[in-house]
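*Asks:* Sharing target-v9.pdb below, PDB, C-alpha atoms:
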```pdb
ATOM      1  CA  MET A1017     121.823  63.300 -42.250
ATOM      2  CA  THR A1018     120.081  64.359 -39.053
ATOM      3  CA  LYS A1019     120.126  60.766 -37.800
ATOM      4  CA  LEU A1020     123.856  60.618 -38.407
ATOM      5  CA  LEU A1021     124.469  63.884 -36.503
ATOM      6  CA  ALA A1022     122.222  62.812 -33.622
ATOM      7  CA  SER A1023     123.933  59.429 -33.289
ATOM      8  CA  LEU A1024     127.398  61.048 -33.469
ATOM      9  CA  ALA A1025     126.466  63.545 -30.727
ATOM     10  CA  ALA A1026     125.066  60.751 -28.526
ATOM     11  CA  PHE A1027     128.165  58.608 -29.084
ATOM     12  CA  THR A1028     130.482  61.520 -28.148
ATOM     13  CA  ALA A1029     128.519  62.360 -25.003
ATOM     14  CA  LEU A1030     128.377  58.775 -23.796
ATOM     15  CA  THR A1031     132.060  58.093 -24.455
ATOM     16  CA  GLY A1032     133.191  61.188 -22.530
ATOM     17  CA  ALA A1033     131.155  60.140 -19.496
ATOM     18  CA  ALA A1034     132.582  56.626 -19.587
ATOM     19  CA  ALA A1035     136.149  57.908 -19.734
ATOM     20  CA  ALA A1036     135.596  60.049 -16.614
ATOM     21  CA  ALA A1037     134.808  56.946 -14.553
ATOM     22  CA  ASP A1038     138.356  55.682 -15.072
ATOM     23  CA  LEU A1039     139.989  58.565 -13.200
ATOM     24  CA  PRO A1040     141.885  57.569 -10.043
ATOM     25  CA  ARG A1041     140.125  58.288  -6.788
ATOM     26  CA  ARG A1042     141.733  60.949  -4.651
ATOM     27  CA  ALA A1043     142.126  60.078  -1.014
ATOM     28  CA  ALA A1044     140.500  62.434   1.452
ATOM     29  CA  PRO A1045     142.950  64.405   3.598
ATOM     30  CA  PRO A1046     143.215  63.187   7.154
ATOM     31  CA  PRO A1047     140.991  65.096   9.585
ATOM     32  CA  VAL A1048     142.695  67.874  11.480
ATOM     33  CA  PHE A1049     142.798  67.211  15.220
ATOM     34  CA  THR A1050     141.501  70.129  17.235
ATOM     35  CA  PRO A1051     141.491  69.685  20.995
ATOM     36  CA  VAL A1052     138.216  70.286  22.760
ATOM     37  CA  PRO A1053     138.344  73.569  24.663
ATOM     38  CA  VAL A1054     138.066  73.095  28.403
ATOM     39  CA  PHE A1055     135.341  75.289  29.871
ATOM     40  CA  THR A1056     135.257  76.142  33.538
ATOM     41  CA  TRP A1057     132.981  78.271  35.656
ATOM     42  CA  THR A1058     135.958  79.760  37.492
ATOM     43  CA  GLY A1059     136.016  83.540  37.394
ATOM     44  CA  ALA A1060     134.609  86.754  38.709
ATOM     45  CA  TYR A1061     131.137  87.990  37.891
ATOM     46  CA  PHE A1062     129.008  91.014  38.587
ATOM     47  CA  GLY A1063     125.512  92.077  37.742
ATOM     48  CA  ILE A1064     122.825  94.628  38.345
ATOM     49  CA  ASN A1065     119.065  94.458  38.295
ATOM     50  CA  ALA A1066     116.391  97.096  38.346
ATOM     51  CA  GLY A1067     112.652  97.224  38.095
ATOM     52  CA  TYR A1068     109.644  99.474  38.464
ATOM     53  CA  ALA A1069     106.149  98.399  39.418
ATOM     54  CA  PHE A1070     102.925 100.332  39.199
ATOM     55  CA  ASP A1071      99.337  99.761  40.145
ATOM     56  CA  ALA A1072      96.715 101.050  37.734
ATOM     57  CA  SER A1073      93.775 100.432  40.063
ATOM     58  CA  SER A1074      91.895 103.296  41.668
ATOM     59  CA  ARG A1075      92.232 103.637  45.444
ATOM     60  CA  SER A1076      90.280 106.848  45.872
ATOM     61  CA  ASN A1077      87.898 105.512  48.516
ATOM     62  CA  ASN A1078      88.734 105.687  52.183
ATOM     63  CA  SER A1079      88.503 102.257  53.713
ATOM     64  CA  THR A1080      88.519 101.529  57.397
ATOM     65  CA  PHE A1081      88.901  98.079  58.863
ATOM     66  CA  GLY A1082      89.842  96.490  62.152
ATOM     67  CA  VAL A1083      93.383  95.247  62.637
ATOM     68  CA  PRO A1084      93.589  91.673  64.017
ATOM     69  CA  PHE A1085      94.764  91.094  67.582
ATOM     70  CA  PRO A1086      98.296  89.734  67.065
ATOM     71  CA  TYR A1087      99.280  92.800  65.017
ATOM     72  CA  ALA A1088      97.662  95.572  67.062
ATOM     73  CA  ALA A1089      95.784  96.219  70.280
ATOM     74  CA  PRO A1090      92.156  95.053  70.260
ATOM     75  CA  GLY A1091      89.752  97.586  68.748
ATOM     76  CA  THR A1092      92.436  99.378  66.702
ATOM     77  CA  THR A1093      91.359 100.517  63.243
ATOM     78  CA  ALA A1094      93.420 101.444  60.180
ATOM     79  CA  THR A1095      92.482 103.887  57.434
ATOM     80  CA  PHE A1096      93.930 103.799  53.922
ATOM     81  CA  SER A1097      93.314 106.610  51.443
ATOM     82  CA  ASN A1098      94.971 107.155  48.041
ATOM     83  CA  ARG A1099      98.113 105.249  48.808
ATOM     84  CA  SER A1100     100.309 104.859  45.757
ATOM     85  CA  GLN A1101     101.370 101.329  44.930
ATOM     86  CA  ASP A1102     104.106 102.489  42.533
ATOM     87  CA  GLY A1103     107.681 101.668  43.373
ATOM     88  CA  PHE A1104     111.242 101.112  42.200
ATOM     89  CA  SER A1105     113.384  98.120  43.058
ATOM     90  CA  GLY A1106     117.057  97.601  42.342
ATOM     91  CA  GLY A1107     120.081  95.644  43.395
ATOM     92  CA  ALA A1108     123.569  94.439  42.553
ATOM     93  CA  GLN A1109     125.570  91.262  42.967
ATOM     94  CA  VAL A1110     129.301  90.573  42.839
ATOM     95  CA  GLY A1111     131.044  87.256  43.270
ATOM     96  CA  TYR A1112     133.717  84.785  42.271
ATOM     97  CA  ASN A1113     133.204  81.148  41.291
ATOM     98  CA  VAL A1114     135.805  78.419  41.688
ATOM     99  CA  GLN A1115     135.476  75.065  39.911
ATOM    100  CA  PHE A1116     137.653  72.428  41.572
ATOM    101  CA  THR A1117     137.209  69.545  39.088
ATOM    102  CA  PRO A1118     137.851  69.928  35.357
TER     103      PRO A1118
END
```
The structure in this file should be written as structure tokens.

*Replies:*
Amino acid sequence: MTKLLASLAAFTALTGAAAAADLPRRAAPPPVFTPVPVFTWTGAYFGINAGYAFDASSRSNNSTFGVPFPYAAPGTTATFSNRSQDGFSGGAQVGYNVQFTP
């Protein structure tokens, strides 16, 4: 009895799969045409930039050295003591670009 049930189940499963192969094939819809967007660099722009720099080295010693001739009179000396190397830098830019060819 079990062999009969197993063969009946196999026959039903195989026949259903074979019948599905006879279905008509559906044609794919035609692709939708979407135009490529045209990108240009034409337009106004603006921007800002900012920065801060610091120097972590120690400059506690007083150093004296001679300044070379083209920059000062001969025999001139310069002394630097505890000068801070920290500083802020910033800026802005504004403009307009025009692209002549597409």

*Asks:* So how far away is CA of Gly1111 (chain A) from CA of Ala1066 (chain A), in Å?

*Replies:*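 Rounded to one decimal, the two atoms are 18.3 Å apart.
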
*Asks:* Which residue out of A:Thr1056, A:Gln1101, A:Thr1028, A:Asp1071 has the minimum interatomic distance to Phe1116 (chain A) when all atoms listed in the file are used?

*Replies:*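 Ranked by minimum distance to Phe1116 (chain A), first place goes to A:Thr1056.
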
*Asks:* Which distance in Å separates CA of Val1054 (chain A) and CA of Val1114 (chain A), to one decimal?

*Replies:*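 That distance, rounded to one decimal, is 14.5 Å.
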
*Asks:* Report, in Å to a single decimal, how far apart CA of Ala1108 (chain A) and CA of Tyr1068 (chain A) are.

*Replies:*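 Calculated distance between CA of Tyr1068 (chain A) and CA of Ala1108 (chain A) is 15.4 Å.
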
*Asks:* Got a sec: who's within 12 Å of Gln1109 (chain A), counting all atoms listed in the file, leaving out chain neighbours fewer than 4 positions off, as a ChimeraX atom specification?

*Replies:* /A:1060-1066

*Asks:* Those residues you just picked out, can you put them in a file as a tab-separated table (two decimals), in the coordinates of the input with C-alpha atoms?

*Replies:*
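result-v3.tsv written:
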```tsv
chain	number	residue	atom	x	y	z
A	1060	ALA	CA	134.61	86.75	38.71
A	1061	TYR	CA	131.14	87.99	37.89
A	1062	PHE	CA	129.01	91.01	38.59
A	1063	GLY	CA	125.51	92.08	37.74
A	1064	ILE	CA	122.82	94.63	38.34
A	1065	ASN	CA	119.06	94.46	38.30
A	1066	ALA	CA	116.39	97.10	38.35
```

*Asks:* Given the PyMOL selection byres ((chain A and resi 1113) around 6) and the file above, list the residues it selects as a PyMOL selection string.

*Replies:* chain A and resi 1058-1059+1112+1114

*Asks:* Which is closest to Phe1104 (chain A) among A:Val1048, A:Ala1022, A:Ala1069, A:Ala1029, if we use all atoms listed in the file?

*Replies:* A:Ala1069

*Asks:* Taking into account only C-alpha atoms, which residue in the set A:Ala1072, A:Ala1026, A:Thr1117, A:Lys1019 is nearest to Asp1102 (chain A)?

*Replies:*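 Selected residue with least distance to Asp1102 (chain A): A:Ala1072.
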